[in-house]
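Source file: structure_11.txt; contents: compact mmCIF, C-alpha atoms.
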```txt
# COMPACT_ATOMS: atom_id res chain seq x y z
CA MET A 635 0.00 0.00 0.00
CA LEU A 636 2.83 2.36 0.87
CA LEU A 637 4.50 1.81 -2.52
CA HIS A 638 1.23 2.41 -4.31
CA ALA A 639 0.74 5.65 -2.44
CA VAL A 640 4.25 6.83 -3.33
CA LEU A 641 3.68 6.11 -7.03
CA VAL A 642 0.41 8.01 -6.97
CA LEU A 643 2.11 11.00 -5.37
CA ILE A 644 4.91 10.96 -7.96
CA PHE A 645 2.43 10.73 -10.86
CA SER A 646 0.32 13.53 -9.38
CA ALA A 647 3.37 15.74 -8.95
CA ALA A 648 4.47 15.11 -12.57
CA LEU A 649 0.96 15.82 -13.84
CA ALA A 650 0.80 19.01 -11.82
CA SER A 651 4.19 20.07 -13.18
CA ALA A 652 3.05 19.37 -16.74
CA GLN A 653 -0.11 21.40 -16.23
CA ASP A 654 1.95 24.25 -14.79
CA CYS A 655 4.26 24.31 -17.83
CA LEU A 656 1.32 24.25 -20.22
CA GLN A 657 -0.11 27.28 -18.41
CA ASN A 658 3.14 29.02 -17.48
CA PRO A 659 5.84 27.97 -20.01
CA TRP A 660 7.95 30.97 -19.03
CA ALA A 661 8.64 29.51 -15.58
CA PRO A 662 12.36 28.66 -15.09
CA GLU A 663 11.58 25.11 -13.98
CA CYS A 664 9.91 24.44 -17.36
CA SER A 665 13.14 24.73 -19.35
CA SER A 666 13.52 20.95 -19.45
CA TYR A 667 9.85 20.25 -20.06
CA HIS A 668 8.88 17.98 -22.96
CA LEU A 669 5.43 17.49 -24.38
CA PRO A 670 4.67 13.77 -23.94
CA ASP A 671 4.97 11.79 -27.18
CA SER A 672 1.52 10.36 -26.59
CA LEU A 673 0.10 13.87 -26.49
CA ILE A 674 2.00 14.87 -29.64
CA ASP A 675 0.85 11.75 -31.51
CA ARG A 676 -2.73 12.47 -30.52
CA ASP A 677 -2.49 16.06 -31.75
CA LEU A 678 -0.81 15.07 -35.03
CA ALA A 679 -3.40 12.38 -35.67
CA SER A 680 -6.18 14.90 -35.09
CA LEU A 681 -4.59 17.54 -37.32
CA CYS A 682 -3.75 15.19 -40.20
CA THR A 683 -7.16 13.53 -40.07
CA HIS A 684 -8.90 16.84 -40.67
CA MET A 685 -6.37 18.33 -43.13
CA SER A 686 -4.16 15.59 -44.52
CA PHE A 687 -2.96 17.83 -47.37
CA MET A 688 -0.86 20.06 -45.08
CA PRO A 689 2.92 19.93 -45.79
CA GLY A 690 3.55 18.93 -42.18
CA CYS A 691 1.29 15.91 -42.60
CA SER A 692 3.09 14.98 -45.83
CA LEU A 693 6.39 15.02 -43.94
CA ARG A 694 4.86 12.90 -41.18
CA THR A 695 3.82 10.28 -43.75
CA LEU A 696 7.27 10.39 -45.34
CA CYS A 697 8.99 9.94 -41.98
CA ASN A 698 6.80 6.94 -41.15
CA SER A 699 7.71 5.27 -44.45
CA ASP A 700 11.46 6.03 -44.51
CA ALA A 701 13.45 4.27 -41.80
CA GLN A 702 16.64 6.25 -42.51
CA LEU A 703 14.91 9.61 -42.53
CA ARG A 704 13.03 8.72 -39.33
CA LYS A 705 16.32 8.93 -37.40
CA LYS A 706 16.83 12.60 -38.27
CA THR A 707 15.74 15.53 -36.11
CA LEU A 708 13.23 16.75 -38.70
CA CYS A 709 11.21 13.55 -38.10
CA ALA A 710 11.08 13.96 -34.31
CA PRO A 711 7.46 14.11 -33.10
CA MET A 712 7.91 17.61 -31.66
CA SER A 713 9.43 18.85 -34.92
CA LEU A 714 6.57 17.39 -36.97
CA LEU A 715 4.05 19.09 -34.68
CA ALA A 716 5.95 22.35 -35.10
CA ASP A 717 5.74 21.98 -38.90
CA VAL A 718 1.98 22.35 -38.63
CA CYS A 719 1.56 24.55 -35.58
CA ALA A 720 4.49 27.00 -35.61
CA HIS A 721 3.61 29.04 -38.71
CA ASP A 722 1.12 27.07 -40.80
CA MET A 723 -2.06 26.35 -38.83
CA PRO A 724 -1.52 27.52 -35.23
CA GLY A 725 -5.22 28.22 -34.79
CA MET A 726 -6.33 24.59 -35.18
CA ARG A 727 -7.53 22.76 -32.08
CA GLY A 728 -4.81 20.13 -32.40
CA CYS A 729 -2.17 22.87 -32.04
CA ALA A 730 -3.45 24.10 -28.65
CA ASP A 731 -0.83 22.22 -26.61
CA TYR A 732 2.07 23.27 -28.85
CA VAL A 733 0.96 26.91 -28.94
CA ALA A 734 0.56 26.92 -25.14
CA VAL A 735 4.13 25.72 -24.64
CA CYS A 736 6.01 27.32 -27.55
CA GLY A 737 3.74 30.19 -28.53
CA PRO A 738 4.81 32.77 -25.90
CA ARG A 739 7.99 34.62 -26.86
CA ASN A 740 9.31 34.32 -23.31
CA SER A 741 8.81 30.55 -23.14
CA THR A 742 11.73 28.82 -21.43
CA VAL A 743 10.98 25.37 -22.89
CA LYS A 744 14.19 24.41 -24.72
CA ASP A 745 12.42 21.71 -26.70
CA CYS A 746 10.71 24.43 -28.72
CA ALA A 747 14.11 25.48 -30.15
CA THR A 748 15.85 22.11 -30.39
CA HIS A 749 12.89 20.57 -32.22
CA ALA A 750 11.68 23.55 -34.21
CA ALA A 751 9.82 23.41 -37.50
CA ILE A 752 11.80 22.35 -40.55
CA GLU A 753 13.58 25.29 -42.14
CA LYS A 754 12.02 26.94 -45.21
CA LEU A 755 8.95 24.69 -45.21
CA PRO A 756 6.23 26.55 -47.14
CA THR A 757 2.79 26.85 -45.59
CA THR A 758 -0.27 25.02 -46.85
CA LYS A 759 -1.60 28.25 -48.34
CA GLU A 760 1.66 28.94 -50.19
CA VAL A 761 1.90 25.44 -51.63
CA ASN A 762 -1.78 25.39 -52.56
CA GLU A 763 -1.50 28.71 -54.40
CA ALA A 764 1.68 27.63 -56.19
CA VAL A 765 0.09 24.40 -57.41
CA ARG A 766 -3.02 26.28 -58.52
CA ARG A 767 -1.01 28.82 -60.51
CA ILE A 768 1.21 26.18 -62.14
CA CYS A 769 -1.73 24.01 -63.15
CA THR A 770 -3.62 27.02 -64.49
CA SER A 771 -0.77 28.07 -66.78
CA HIS A 772 0.60 24.59 -67.64
CA ALA A 773 -1.42 21.48 -68.46
CA MET A 774 0.93 19.05 -66.68
CA ASP A 775 0.15 15.42 -65.89
CA GLU A 776 0.68 15.87 -62.14
CA CYS A 777 -2.15 18.40 -62.02
CA VAL A 778 -4.81 15.70 -62.38
CA LYS A 779 -3.94 14.51 -58.87
CA CYS A 780 -5.35 17.70 -57.34
CA THR A 781 -8.93 18.93 -57.44
CA PHE A 782 -9.79 22.53 -56.65
CA ARG A 783 -13.51 22.60 -55.83
CA THR A 784 -13.56 26.40 -55.58
CA PRO A 785 -11.01 29.08 -56.48
CA THR A 786 -10.24 29.72 -52.80
CA ALA A 787 -10.45 26.17 -51.41
CA PHE A 788 -7.52 23.90 -50.64
CA ALA A 789 -6.89 21.13 -53.15
CA ASP A 790 -7.81 17.64 -52.03
CA CYS A 791 -4.41 15.98 -52.62
CA ASP A 792 -0.93 15.58 -51.19
CA LEU A 793 0.02 19.17 -51.95
CA LEU A 794 3.71 18.97 -51.07
CA SER A 795 4.27 15.82 -53.17
CA VAL A 796 2.46 17.23 -56.21
CA TYR A 797 4.24 20.56 -55.78
CA SER A 798 7.64 18.87 -55.73
CA GLU A 799 6.78 16.74 -58.79
CA LEU A 800 5.74 19.84 -60.73
CA CYS A 801 8.92 21.68 -59.77
CA LEU A 802 11.12 18.70 -60.55
CA SER A 803 9.69 18.78 -64.07
CA MET A 804 10.08 22.55 -64.53
CA PRO A 805 12.27 23.91 -61.72
CA ASP A 806 12.75 27.36 -63.26
CA MET A 807 9.14 28.40 -62.81
CA GLU A 808 8.71 31.38 -60.50
CA GLU A 809 6.27 29.40 -58.35
CA CYS A 810 9.05 26.92 -57.54
CA ASN A 811 11.25 29.38 -55.64
CA PRO A 812 9.92 28.23 -52.22
CA TRP A 813 10.57 24.61 -53.26
CA LYS A 814 14.16 25.49 -54.16
CA SER A 815 14.65 27.16 -50.78
CA LEU A 816 13.25 24.09 -49.01
CA CYS A 817 15.59 21.75 -50.90
CA GLN A 818 18.65 23.91 -50.35
CA ALA A 819 17.98 24.07 -46.61
CA ASN A 820 17.11 20.36 -46.30
CA PRO A 821 19.14 18.24 -48.75
CA SER A 822 18.11 15.07 -46.90
CA LEU A 823 14.58 15.41 -48.30
CA SER A 824 15.48 13.39 -51.38
CA ALA A 825 11.87 12.30 -51.84
CA TYR A 826 10.95 15.90 -52.65
CA CYS A 827 14.32 17.22 -53.84
CA HIS A 828 16.04 14.77 -56.18
CA PRO A 829 19.61 15.91 -56.86
CA ASP A 830 19.30 14.67 -60.44
CA LEU A 831 16.20 15.39 -62.45
CA PRO A 832 14.56 12.24 -63.77
CA PRO A 833 14.60 11.92 -67.56
CA PRO A 834 11.21 12.62 -69.11
CA VAL A 835 9.28 9.61 -70.34
CA MET A 836 8.41 9.68 -74.04
CA LYS A 837 4.67 10.04 -74.57
CA MET A 838 2.92 8.85 -77.73
CA TYR A 839 0.15 11.44 -77.45
CA PHE A 840 -0.05 15.23 -77.50
CA HIS A 841 1.04 16.76 -74.21
CA PHE A 842 2.56 19.85 -72.58
CA GLN A 843 5.15 18.02 -70.48
CA PRO A 844 8.94 18.51 -70.62
CA THR A 845 10.37 16.22 -73.26
CA HIS A 846 13.59 15.50 -75.11
CA VAL A 847 13.96 17.61 -78.25
CA LEU A 848 16.38 15.79 -80.58
CA PHE A 849 19.21 15.51 -78.01
CA ASP A 850 19.54 13.96 -74.58
CA ALA A 851 20.53 17.25 -72.97
CA TRP A 852 17.86 19.30 -74.76
CA VAL A 853 14.90 19.17 -72.34
CA PRO A 854 13.05 22.50 -72.01
CA ARG A 855 11.95 22.84 -68.37
CA SER A 856 11.17 26.55 -68.09
CA SER A 857 9.21 29.17 -70.00
CA THR A 858 12.45 30.74 -71.26
CA HIS A 859 13.76 27.40 -72.53
CA TYR A 860 10.45 26.69 -74.24
CA LEU A 861 10.47 30.12 -75.89
CA LEU A 862 13.99 29.69 -77.24
CA THR A 863 13.21 26.15 -78.44
CA THR A 864 10.05 27.16 -80.28
CA LEU A 865 11.77 30.18 -81.87
CA LEU A 866 14.61 27.98 -83.15
CA LEU A 867 12.21 25.39 -84.56
CA PHE A 868 10.06 28.12 -86.12
CA ALA A 869 13.10 29.71 -87.78
CA SER A 870 14.32 26.32 -89.05
CA ALA A 871 10.93 25.52 -90.59
CA PHE A 872 10.81 28.98 -92.17
CA PHE A 873 14.30 28.39 -93.62
CA VAL A 874 13.16 25.09 -95.16
CA GLU A 875 10.44 26.97 -97.05
CA TYR A 876 13.06 29.48 -98.22
CA LEU A 877 15.27 26.69 -99.54
CA GLN A 878 12.38 25.02 -101.34
CA ALA A 879 11.23 28.26 -102.94
CA HIS A 880 14.65 29.33 -104.22
CA ARG A 881 16.12 25.94 -105.16
CA PRO A 882 14.68 25.77 -108.72
CA GLU A 883 16.04 29.19 -109.66
CA TRP A 884 19.39 28.47 -108.04
CA GLU A 885 19.72 25.13 -109.83
CA SER A 886 18.78 26.75 -113.12
CA SER A 887 21.44 29.41 -112.71
CA LEU A 888 24.04 26.68 -112.09
CA LEU A 889 23.02 24.09 -114.67
CA LEU A 890 21.41 25.96 -117.55
CA LYS A 891 23.53 28.14 -119.82
CA PRO A 892 21.45 30.10 -122.36
CA ALA A 893 22.61 29.91 -125.99
CA THR A 894 23.96 33.13 -127.55
CA SER A 895 22.77 34.59 -130.82
CA GLU A 896 26.08 33.68 -132.48
CA SER A 897 25.65 30.04 -131.59
CA ARG A 898 22.19 29.79 -133.06
CA PRO A 899 21.97 27.91 -136.32
CA LEU A 900 20.87 29.75 -139.38
CA LEU A 901 18.31 27.12 -140.20
CA GLN A 902 15.01 27.22 -138.41
CA ASN A 903 15.18 24.68 -135.58
CA SER A 904 12.87 24.11 -132.67
CA GLU A 905 15.89 23.61 -130.38
CA ALA A 906 17.53 26.86 -131.36
CA GLY A 907 17.94 29.43 -128.63
CA LYS A 908 17.18 27.03 -125.83
CA ALA A 909 19.45 26.81 -122.75
CA LYS A 910 22.09 24.10 -122.58
CA THR A 911 22.79 22.00 -119.49
CA THR A 912 26.33 22.23 -118.16
CA TRP A 913 27.63 19.73 -115.58
CA SER A 914 30.80 19.71 -113.53
CA VAL A 915 31.96 18.17 -110.28
CA GLY A 916 31.69 21.52 -108.51
CA VAL A 917 28.17 22.16 -109.77
CA TRP A 918 27.12 18.62 -108.89
CA GLY A 919 28.47 19.07 -105.36
CA LEU A 920 26.61 22.35 -104.87
CA VAL A 921 23.31 20.87 -106.06
CA VAL A 922 23.66 17.83 -103.80
CA GLY A 923 24.71 20.00 -100.86
CA TRP A 924 21.71 22.32 -101.21
CA ARG A 925 19.30 19.40 -101.39
CA PHE A 926 21.07 17.66 -98.50
CA VAL A 927 20.60 20.67 -96.22
CA GLU A 928 17.01 21.15 -97.28
CA VAL A 929 15.94 17.55 -96.74
CA GLY A 930 18.10 17.18 -93.62
CA ILE A 931 16.47 20.11 -91.84
CA ALA A 932 13.02 18.92 -92.90
CA TYR A 933 13.62 15.45 -91.43
CA VAL A 934 15.08 16.90 -88.22
CA LEU A 935 11.93 19.01 -87.82
CA MET A 936 9.84 15.89 -88.34
CA LEU A 937 11.76 14.11 -85.57
CA ALA A 938 11.28 17.09 -83.26
CA ALA A 939 7.54 17.06 -83.92
CA MET A 940 7.46 13.37 -83.04
CA SER A 941 8.07 14.36 -79.41
CA PHE A 942 4.29 15.05 -79.41
CA ASN A 943 4.88 18.18 -77.34
CA VAL A 944 2.17 20.61 -78.39
CA TRP A 945 4.45 23.70 -78.34
CA VAL A 946 7.08 21.94 -80.44
CA VAL A 947 4.55 20.76 -83.02
CA LEU A 948 2.93 24.20 -83.23
CA ALA A 949 6.32 25.88 -83.72
CA VAL A 950 7.21 23.56 -86.63
CA VAL A 951 3.81 23.84 -88.33
CA ALA A 952 3.66 27.61 -87.86
CA GLY A 953 7.14 28.05 -89.32
CA LEU A 954 6.24 26.04 -92.42
CA ALA A 955 2.91 27.84 -92.86
CA VAL A 956 4.34 31.34 -92.43
CA GLY A 957 7.30 30.49 -94.67
CA HIS A 958 5.02 29.18 -97.40
CA ALA A 959 2.91 32.35 -97.29
CA ALA A 960 5.99 34.58 -97.25
CA PHE A 961 7.55 33.00 -100.36
CA LEU A 962 4.33 32.33 -102.28
CA PRO A 963 4.52 35.60 -104.27
CA TYR A 964 8.06 34.69 -105.30
CA ARG A 965 6.92 31.24 -106.47
CA LEU A 966 4.02 32.71 -108.45
CA GLU A 967 6.31 35.30 -110.03
CA ARG A 968 8.72 32.59 -111.11
CA ARG A 969 5.89 30.54 -112.57
CA GLY A 970 4.69 33.60 -114.51
CA GLU A 971 8.17 34.18 -115.93
CA LYS A 972 8.40 30.55 -117.01
CA GLY A 973 5.02 30.83 -118.73
CA THR A 974 6.12 33.93 -120.59
CA VAL A 975 9.38 32.31 -121.69
CA ALA A 976 7.54 29.21 -122.91
CA ALA A 977 5.12 31.31 -124.93
CA GLU A 978 7.96 33.27 -126.51
CA GLU A 979 9.75 30.04 -127.45
CA GLU A 980 6.61 28.75 -129.14
CA GLU A 981 6.33 31.91 -131.21
CA ALA A 982 10.08 32.22 -131.88
CA PRO A 983 10.35 29.73 -134.82
CA ALA A 984 7.88 31.72 -136.85
CA ASN A 985 9.94 34.85 -136.44
CA ARG A 986 13.31 33.27 -137.11
CA CYS A 987 14.43 33.89 -140.68
CA CYS A 988 17.58 33.95 -142.65
```

Produce structure tokens that represent the structure in this file.
Amino acid sequence: MLLHAVLVLIFSAALASAQDCLQNPWAPECSSYHLPDSLIDRDLASLCTHMSFMPGCSLRTLCNSDAQLRKKTLCAPMSLLADVCAHDMPGMRGCADYVAVCGPRNSTVKDCATHAAIEKLPTTKEVNEAVRRICTSHAMDECVKCTFRTPTAFADCDLLSVYSELCLSMPDMEECNPWKSLCQANPSLSAYCHPDLPPPVMKMYFHFQPTHVLFDAWVPRSSTHYLLTTLLLFASAFFVEYLQAHRPEWESSLLLKPATSESRPLLQNSEAGKAKTTWSVGVWGLVVGWRFVEVGIAYVLMLAAMSFNVWVVLAVVAGLAVGHAAFLPYRLERRGEKGTVAAEEEEAPANRCC
């Protein structure tokens, strides 16, 4: 009986001390106070049941699934509770115990500093807004994981995971600056901050995702890279139309040598006055080289369009269309000249006389 009474007294004293530190965390004797793990687990379970999409809850799930990461300070129960309650959602009921102990600026509880919230972790509102803005401006595959019921509501998805996937695909987006800060401050978060970007998977359907364009290292992942890529493809397609429009005239100037009046026979001949074809190794090389460049660029553009990226395809098609329209008057003018020359040649025999 005596032992039982002593244990009851000790438990009562500890409970009273805990209640005192919850109410008066600035007391000197509370410097070594720790929120019980059972209390923290209860609060985290309550918080993440009601709002599982919070970044702090995503980290809690990650810590529970990664044995190596679980050993780090950022996965300590107090730190996980701070991820939600320090700056993100301090007004939620599940944060009442944490706010009581660590909320006051003059709190002496050392655990609040040693197990603080993870550095540079964006709030739920910040991540939600970033995902909304990215998915509004870019039709990316990861966006289908999140549903925004109203323009101001939180998306019903694992926001931090989707946010990291979006930024891994296109890290140079302005909305990914908080993600970069998080990864720089916490390199151990490899699940959200891969040191090496995964290579894009080739898709056999039209899409807006980052993709390889002709070369392994050519993967546009930002708006600037996409702009430069589309401008280059547009200019290349435009140049193909230029080559096609000017090739006949250029080949004619190289291969056809018009006959002079002195070389014309005196007798009436249907072949008189017509141009003569002249071949040489140099001329042959120039003709083959021109055609090689023209066909080569055309096939390279075809391979680029086979990435099925909508912006790439539109750049190629637009370049060909604009180039065709730009050089159409030149083509029509050349056809008109050829028609005039042909008509003159038909009438020429009647006018030729000794």

Using all atoms of region 741-747 of chain A that appear in the file, construct an axis-aligned enclosing box with 3 Å of padding on every side and provide its centre coordinates and edge lengths in Å, rounded to one decimal, as AutoDock Vina command-line options.
```
--center_x 11.5 --center_y 26.1 --center_z -25.8 --size_x 11.4 --size_y 14.8 --size_z 14.7
```

Within 12 Å of region 817-830 of chain A, which residues of region 778-804 of chain A show up? Give each one with its shortest atom-to-atom distance in Å (one decimal) and the two atoms involved, counting only C-alpha atoms, rows by chain then rising residue number, as JSON lines.
```
{"residue": "A:Asp792", "atom": "CA", "partner": "A:Tyr826", "partner_atom": "CA", "distance": 12.0}
{"residue": "A:Leu793", "atom": "CA", "partner": "A:Tyr826", "partner_atom": "CA", "distance": 11.4}
{"residue": "A:Leu794", "atom": "CA", "partner": "A:Tyr826", "partner_atom": "CA", "distance": 8.0}
{"residue": "A:Ser795", "atom": "CA", "partner": "A:Tyr826", "partner_atom": "CA", "distance": 6.7}
{"residue": "A:Val796", "atom": "CA", "partner": "A:Tyr826", "partner_atom": "CA", "distance": 9.3}
{"residue": "A:Tyr797", "atom": "CA", "partner": "A:Tyr826", "partner_atom": "CA", "distance": 8.7}
{"residue": "A:Ser798", "atom": "CA", "partner": "A:Tyr826", "partner_atom": "CA", "distance": 5.4}
{"residue": "A:Glu799", "atom": "CA", "partner": "A:Tyr826", "partner_atom": "CA", "distance": 7.5}
{"residue": "A:Leu800", "atom": "CA", "partner": "A:Tyr826", "partner_atom": "CA", "distance": 10.4}
{"residue": "A:Cys801", "atom": "CA", "partner": "A:Cys827", "partner_atom": "CA", "distance": 9.2}
{"residue": "A:Leu802", "atom": "CA", "partner": "A:Cys827", "partner_atom": "CA", "distance": 7.6}
{"residue": "A:Ser803", "atom": "CA", "partner": "A:His828", "partner_atom": "CA", "distance": 10.9}
```

Store the residues picked out above, limited to C-alpha atoms, as a tab-separated table (two decimals), in the frame of the given file.
```tsv
chain	number	residue	atom	x	y	z
A	792	ASP	CA	-0.93	15.58	-51.19
A	793	LEU	CA	0.02	19.17	-51.95
A	794	LEU	CA	3.71	18.97	-51.07
A	795	SER	CA	4.27	15.82	-53.17
A	796	VAL	CA	2.46	17.23	-56.21
A	797	TYR	CA	4.24	20.56	-55.78
A	798	SER	CA	7.64	18.87	-55.73
A	799	GLU	CA	6.78	16.74	-58.79
A	800	LEU	CA	5.74	19.84	-60.73
A	801	CYS	CA	8.92	21.68	-59.77
A	802	LEU	CA	11.12	18.70	-60.55
A	803	SER	CA	9.69	18.78	-64.07
```

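Here CA of Tyr876 (chain A) is placed at a distance of 19.9 Å from CA of Gly919 (chain A).
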
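With distances taken over all atoms listed in the file, A:Pro659 is the one residue among A:His684, A:Pro659, A:Thr748, A:Met804 lying closest to Ala734 (chain A).
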
Using only C-alpha atoms, find all polymer residues with an atom at most 10 Å away from the point (-1.1, 28.1, -47.7); report them as JSON, numbers by chain.
{"A": [688, 689, 722, 723, 756, 757, 758, 759, 760, 761, 762, 763, 764, 788, 793]}

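Relative to CA of Ser771 (chain A), CA of Leu954 (chain A) is found at 26.7 Å.
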
To one decimal in Å, tell me the separation between CA of Leu693 (chain A) and CA of Glu809 (chain A).
20.4 Å

Which residues are close to region 870-873 of chain A, i.e. within 12 Å by all atoms listed in the file, leaving aside same-chain residues fewer than 6 positions away? Reply as JSON, numbers by chain.
{"A": [863, 864, 879, 880, 881, 927, 928, 929, 930, 931, 932, 933, 934, 935, 936, 938, 939, 946, 947, 948, 949, 950, 951, 952, 953, 954, 955, 956, 957, 958, 959, 960, 961]}
